[in-house]
Amino acid sequence: DTGVSQNPRHKITKRGQNVTFRCDPISEHNRLYWYRQTLGQGPEFLTYFQNEAQLEKSRLLSDRFSAERPKGSFSTLEIQRTEQGDSAMYLCASSPSGQGVGPQHFGDGTRLSIL
Amino acid sequence: AQSVTQLDSQVPVFEEAPVELRCNYSSSVSVYLFWYVQYPNQGLQLLLKYLSGSTLVKGINGFEAEFNKSQTSFHLRKPSVHISDTAEYFCAVTKTGGGNKLTFGTGTQLKVEL
């Protein structure tokens, strides 16, 4: 169990630029989740995948956001035309499915700062 | 939809004293409940979870929580805290059988002082 890995850990970019984050889940986990956490708040759900299928998206996920999970392994979250309000910690989590509720294991997140 | 309320944004406590962090939830369907801990610049680590069965749940690092359905609460307790317990604690809920997306509270900052 090598844990959930997220890259990069920090990203600083100018407003209007595109950014992409990567998440590598625990290898045997087929569910993968993205959350966003702003300062002083709890994480908020963005989207989740079961294998390669994106099964649910939050209304927080505007059309500037897109997430993919090709081949059901790693996932990417892209934000186009970044805005100041996109500054946050983006957390990825994974869990097994099929045998009750598997707890979600979180990565250390990618902190995005928009200049 | 589910919601979680953590009324205490900060809880200061002296080392070796007991502590209780409060969590109340709202849901029209059956739920599972979780407590996570977050250290600075890190992700969330699962402390404990309630799925079914005994309402008293024991977790890691000496923490425990009690599920109270009538009061819709899931308070976290530790009989004796240590400096290393200083962190942000989040209560979370998910409805049973539905993809397991978590709804989190706003968190409680536990500050343990000497």
# chains A, B, ... in the order shown; residues from 1 in each chain; ligands from 1
call {"tool": "select_by_dssp", "arguments": {"residues": "segment 17-67 of chain A", "states": "strand (DSSP E)", "output": "PyMOL selection string"}}
result
chain A and resi 19-24+31-37+44-50+53-57+65-67
call {"tool": "interface_residues", "arguments": {"of": "chain B", "to": "chain A", "cutoff": "7 Å", "atoms": "only C-alpha atoms", "output": "list in words"}}
result
Gln42, Gly43, Leu44, Gln45, Phe90, Lys101, Leu102, Thr103, Phe104, Gly105, Thr106 and Gly107 of chain B
call {"tool": "residues_around", "arguments": {"residues": "Ala87 of chain B", "least_positions_apart": "4", "cutoff": "6 Å", "atoms": "only C-alpha atoms", "output": "ChimeraX atom specification"}}
result
/B:38-39,109-110
call {"tool": "closest_residue", "arguments": {"among": "B:Pro79, B:Gly59, B:Gly53, B:Pro18", "to": "Val37 of chain B", "atoms": "only C-alpha atoms"}}
result
B:Gly59
call {"tool": "atom_distance", "arguments": {"atom1": "atom CA of Asp86 of chain A", "atom2": "atom CA of Pro40 of chain B"}}
result
20.1 Å
call {"tool": "select_by_dssp", "arguments": {"residues": "segment 6-106 of chain A", "states": "helix (DSSP H, G or I)", "output": "PyMOL selection string"}}
result
chain A and resi 70-72+84-86
call {"tool": "residues_around", "arguments": {"residues": "Val11 of chain B", "least_positions_apart": "6", "cutoff": "9 Å", "atoms": "only C-alpha atoms", "output": "list in words"}}
result
Val19, Glu20, Leu21, Thr108, Gln109, Leu110, Lys111 and Val112 of chain B
call {"tool": "write_last_selection", "arguments": {"atoms": "all heavy atoms", "output": "JSON list (two decimals), in the first residue's frame"}}
result
[["chain", "number", "residue", "atom", "x", "y", "z"],
["B", 19, "VAL", "N", -10.98, 15.40, 26.01],
["B", 19, "VAL", "CA", -11.53, 16.32, 25.03],
["B", 19, "VAL", "C", -12.71, 15.68, 24.31],
["B", 19, "VAL", "O", -12.77, 14.45, 24.15],
["B", 19, "VAL", "CB", -10.47, 16.76, 23.99],
["B", 19, "VAL", "CG1", -10.11, 15.62, 23.05],
["B", 19, "VAL", "CG2", -10.95, 17.97, 23.19],
["B", 20, "GLU", "N", -13.68, 16.51, 23.94],
["B", 20, "GLU", "CA", -14.80, 16.07, 23.12],
["B", 20, "GLU", "C", -14.98, 17.07, 21.99],
["B", 20, "GLU", "O", -15.08, 18.27, 22.23],
["B", 20, "GLU", "CB", -16.09, 15.97, 23.94],
["B", 20, "GLU", "CG", -17.29, 15.56, 23.08],
["B", 20, "GLU", "CD", -18.58, 15.44, 23.87],
["B", 20, "GLU", "OE1", -19.25, 16.49, 24.04],
["B", 20, "GLU", "OE2", -18.94, 14.33, 24.29],
["B", 21, "LEU", "N", -15.00, 16.57, 20.77],
["B", 21, "LEU", "CA", -15.27, 17.41, 19.60],
["B", 21, "LEU", "C", -16.66, 17.03, 19.09],
["B", 21, "LEU", "O", -16.93, 15.86, 18.81],
["B", 21, "LEU", "CB", -14.22, 17.18, 18.51],
["B", 21, "LEU", "CG", -12.76, 17.37, 18.94],
["B", 21, "LEU", "CD1", -11.83, 17.19, 17.74],
["B", 21, "LEU", "CD2", -12.55, 18.71, 19.59],
["B", 108, "THR", "N", -12.88, 21.32, 13.19],
["B", 108, "THR", "CA", -12.58, 21.84, 14.52],
["B", 108, "THR", "C", -11.07, 21.78, 14.71],
["B", 108, "THR", "O", -10.46, 20.72, 14.55],
["B", 108, "THR", "CB", -13.25, 21.01, 15.63],
["B", 108, "THR", "OG1", -14.66, 21.10, 15.49],
["B", 108, "THR", "CG2", -12.83, 21.52, 17.00],
["B", 109, "GLN", "N", -10.49, 22.93, 15.03],
["B", 109, "GLN", "CA", -9.05, 23.00, 15.28],
["B", 109, "GLN", "C", -8.82, 22.65, 16.75],
["B", 109, "GLN", "O", -9.23, 23.38, 17.65],
["B", 109, "GLN", "CB", -8.51, 24.39, 14.97],
["B", 109, "GLN", "CG", -7.05, 24.59, 15.31],
["B", 109, "GLN", "CD", -6.13, 23.75, 14.43],
["B", 109, "GLN", "OE1", -6.33, 23.64, 13.23],
["B", 109, "GLN", "NE2", -5.10, 23.17, 15.03],
["B", 110, "LEU", "N", -8.17, 21.52, 16.98],
["B", 110, "LEU", "CA", -7.82, 21.12, 18.35],
["B", 110, "LEU", "C", -6.41, 21.61, 18.65],
["B", 110, "LEU", "O", -5.46, 21.27, 17.92],
["B", 110, "LEU", "CB", -7.88, 19.60, 18.51],
["B", 110, "LEU", "CG", -7.42, 19.04, 19.86],
["B", 110, "LEU", "CD1", -8.33, 19.53, 20.98],
["B", 110, "LEU", "CD2", -7.38, 17.52, 19.83],
["B", 111, "LYS", "N", -6.28, 22.42, 19.67],
["B", 111, "LYS", "CA", -4.97, 22.94, 20.05],
["B", 111, "LYS", "C", -4.65, 22.44, 21.46],
["B", 111, "LYS", "O", -5.33, 22.81, 22.42],
["B", 111, "LYS", "CB", -4.94, 24.45, 20.01],
["B", 111, "LYS", "CG", -3.55, 25.02, 20.29],
["B", 111, "LYS", "CD", -3.50, 26.51, 20.09],
["B", 111, "LYS", "CE", -2.09, 27.03, 20.34],
["B", 111, "LYS", "NZ", -1.98, 28.49, 20.18],
["B", 112, "VAL", "N", -3.64, 21.58, 21.55],
["B", 112, "VAL", "CA", -3.24, 21.02, 22.84],
["B", 112, "VAL", "C", -2.07, 21.84, 23.38],
["B", 112, "VAL", "O", -1.06, 22.02, 22.70],
["B", 112, "VAL", "CB", -2.84, 19.55, 22.70],
["B", 112, "VAL", "CG1", -2.45, 18.99, 24.07],
["B", 112, "VAL", "CG2", -3.99, 18.74, 22.10]]
call {"tool": "residues_around", "arguments": {"residues": "Gly62 of chain B", "least_positions_apart": "2", "cutoff": "10 Å", "atoms": "only C-alpha atoms", "output": "list in words"}}
result
Leu47, Lys58, Gly59, Ile60, Glu64, Arg77, Lys78, Pro79, Ser80 and Val81 of chain B
call {"tool": "write_last_selection", "arguments": {"atoms": "N, CA, C and O atoms", "output": "PDB file, in the first residue's frame"}}
result
ATOM      1  N   LEU B  47      -9.690   8.544  11.117  1.00  0.00           N
ATOM      2  CA  LEU B  47      -9.557   8.203  12.536  1.00  0.00           C
ATOM      3  C   LEU B  47     -10.448   7.018  12.887  1.00  0.00           C
ATOM      4  O   LEU B  47     -10.017   6.092  13.567  1.00  0.00           O
ATOM      5  N   LYS B  58     -14.315   2.632  18.174  1.00  0.00           N
ATOM      6  CA  LYS B  58     -12.947   2.968  18.580  1.00  0.00           C
ATOM      7  C   LYS B  58     -12.081   3.129  17.334  1.00  0.00           C
ATOM      8  O   LYS B  58     -12.221   2.379  16.347  1.00  0.00           O
ATOM      9  N   GLY B  59     -11.190   4.121  17.398  1.00  0.00           N
ATOM     10  CA  GLY B  59     -10.338   4.387  16.256  1.00  0.00           C
ATOM     11  C   GLY B  59      -8.868   4.381  16.615  1.00  0.00           C
ATOM     12  O   GLY B  59      -8.472   3.851  17.647  1.00  0.00           O
ATOM     13  N   ILE B  60      -8.091   5.018  15.762  1.00  0.00           N
ATOM     14  CA  ILE B  60      -6.654   5.057  15.992  1.00  0.00           C
ATOM     15  C   ILE B  60      -6.304   6.153  16.980  1.00  0.00           C
ATOM     16  O   ILE B  60      -7.121   7.048  17.247  1.00  0.00           O
ATOM     17  N   GLU B  64     -12.266   7.726  20.193  1.00  0.00           N
ATOM     18  CA  GLU B  64     -13.485   6.968  20.053  1.00  0.00           C
ATOM     19  C   GLU B  64     -14.629   7.930  19.783  1.00  0.00           C
ATOM     20  O   GLU B  64     -14.525   9.139  20.035  1.00  0.00           O
ATOM     21  N   ARG B  77     -14.234  11.661  21.032  1.00  0.00           N
ATOM     22  CA  ARG B  77     -13.689  11.840  22.369  1.00  0.00           C
ATOM     23  C   ARG B  77     -12.317  11.204  22.481  1.00  0.00           C
ATOM     24  O   ARG B  77     -11.990  10.249  21.776  1.00  0.00           O
ATOM     25  N   LYS B  78     -11.532  11.768  23.412  1.00  0.00           N
ATOM     26  CA  LYS B  78     -10.269  11.143  23.791  1.00  0.00           C
ATOM     27  C   LYS B  78     -10.056  11.430  25.268  1.00  0.00           C
ATOM     28  O   LYS B  78     -10.161  12.581  25.701  1.00  0.00           O
ATOM     29  N   PRO B  79      -9.763  10.406  26.073  1.00  0.00           N
ATOM     30  CA  PRO B  79      -9.680  10.615  27.523  1.00  0.00           C
ATOM     31  C   PRO B  79      -8.459  11.414  27.967  1.00  0.00           C
ATOM     32  O   PRO B  79      -8.497  12.061  29.004  1.00  0.00           O
ATOM     33  N   SER B  80      -7.397  11.394  27.170  1.00  0.00           N
ATOM     34  CA  SER B  80      -6.179  12.106  27.559  1.00  0.00           C
ATOM     35  C   SER B  80      -5.426  12.504  26.290  1.00  0.00           C
ATOM     36  O   SER B  80      -4.907  11.648  25.582  1.00  0.00           O
ATOM     37  N   VAL B  81      -5.358  13.796  26.019  1.00  0.00           N
ATOM     38  CA  VAL B  81      -4.749  14.238  24.752  1.00  0.00           C
ATOM     39  C   VAL B  81      -3.261  14.485  24.918  1.00  0.00           C
ATOM     40  O   VAL B  81      -2.750  14.728  26.012  1.00  0.00           O
TER      41      VAL B  81
END
call {"tool": "atom_distance", "arguments": {"atom1": "atom CA of Ser84 of chain B", "atom2": "atom CA of Thr72 of chain B"}}
result
29.4 Å
call {"tool": "residues_around", "arguments": {"residues": "Ser28 of chain B", "least_positions_apart": "2", "cutoff": "10 Å", "atoms": "only C-alpha atoms", "output": "ChimeraX atom specification"}}
result
/B:1-2,26,30-31,95
call {"tool": "atom_distance", "arguments": {"atom1": "atom CA of Leu48 of chain B", "atom2": "atom CA of His75 of chain B"}}
result
11.5 Å
call {"tool": "residues_around", "arguments": {"residues": "Arg81 of chain A", "least_positions_apart": "3", "cutoff": "6 Å", "atoms": "only C-alpha atoms", "output": "ChimeraX atom specification"}}
result
/A:16-18
call {"tool": "closest_residue", "arguments": {"among": "B:Val57, B:Glu113, B:Tyr36, B:Val13", "to": "Ile83 of chain B", "atoms": "only C-alpha atoms"}}
result
B:Glu113
call {"tool": "closest_residue", "arguments": {"among": "A:Leu60, A:Leu115, A:Leu77, A:Leu39", "to": "Asp24 of chain A", "atoms": "only C-alpha atoms"}}
result
A:Leu77
call {"tool": "closest_residue", "arguments": {"among": "A:Asn30, A:Gln6, A:Thr38, A:Ser66", "to": "Glu52 of chain A", "atoms": "only C-alpha atoms"}}
result
A:Asn30
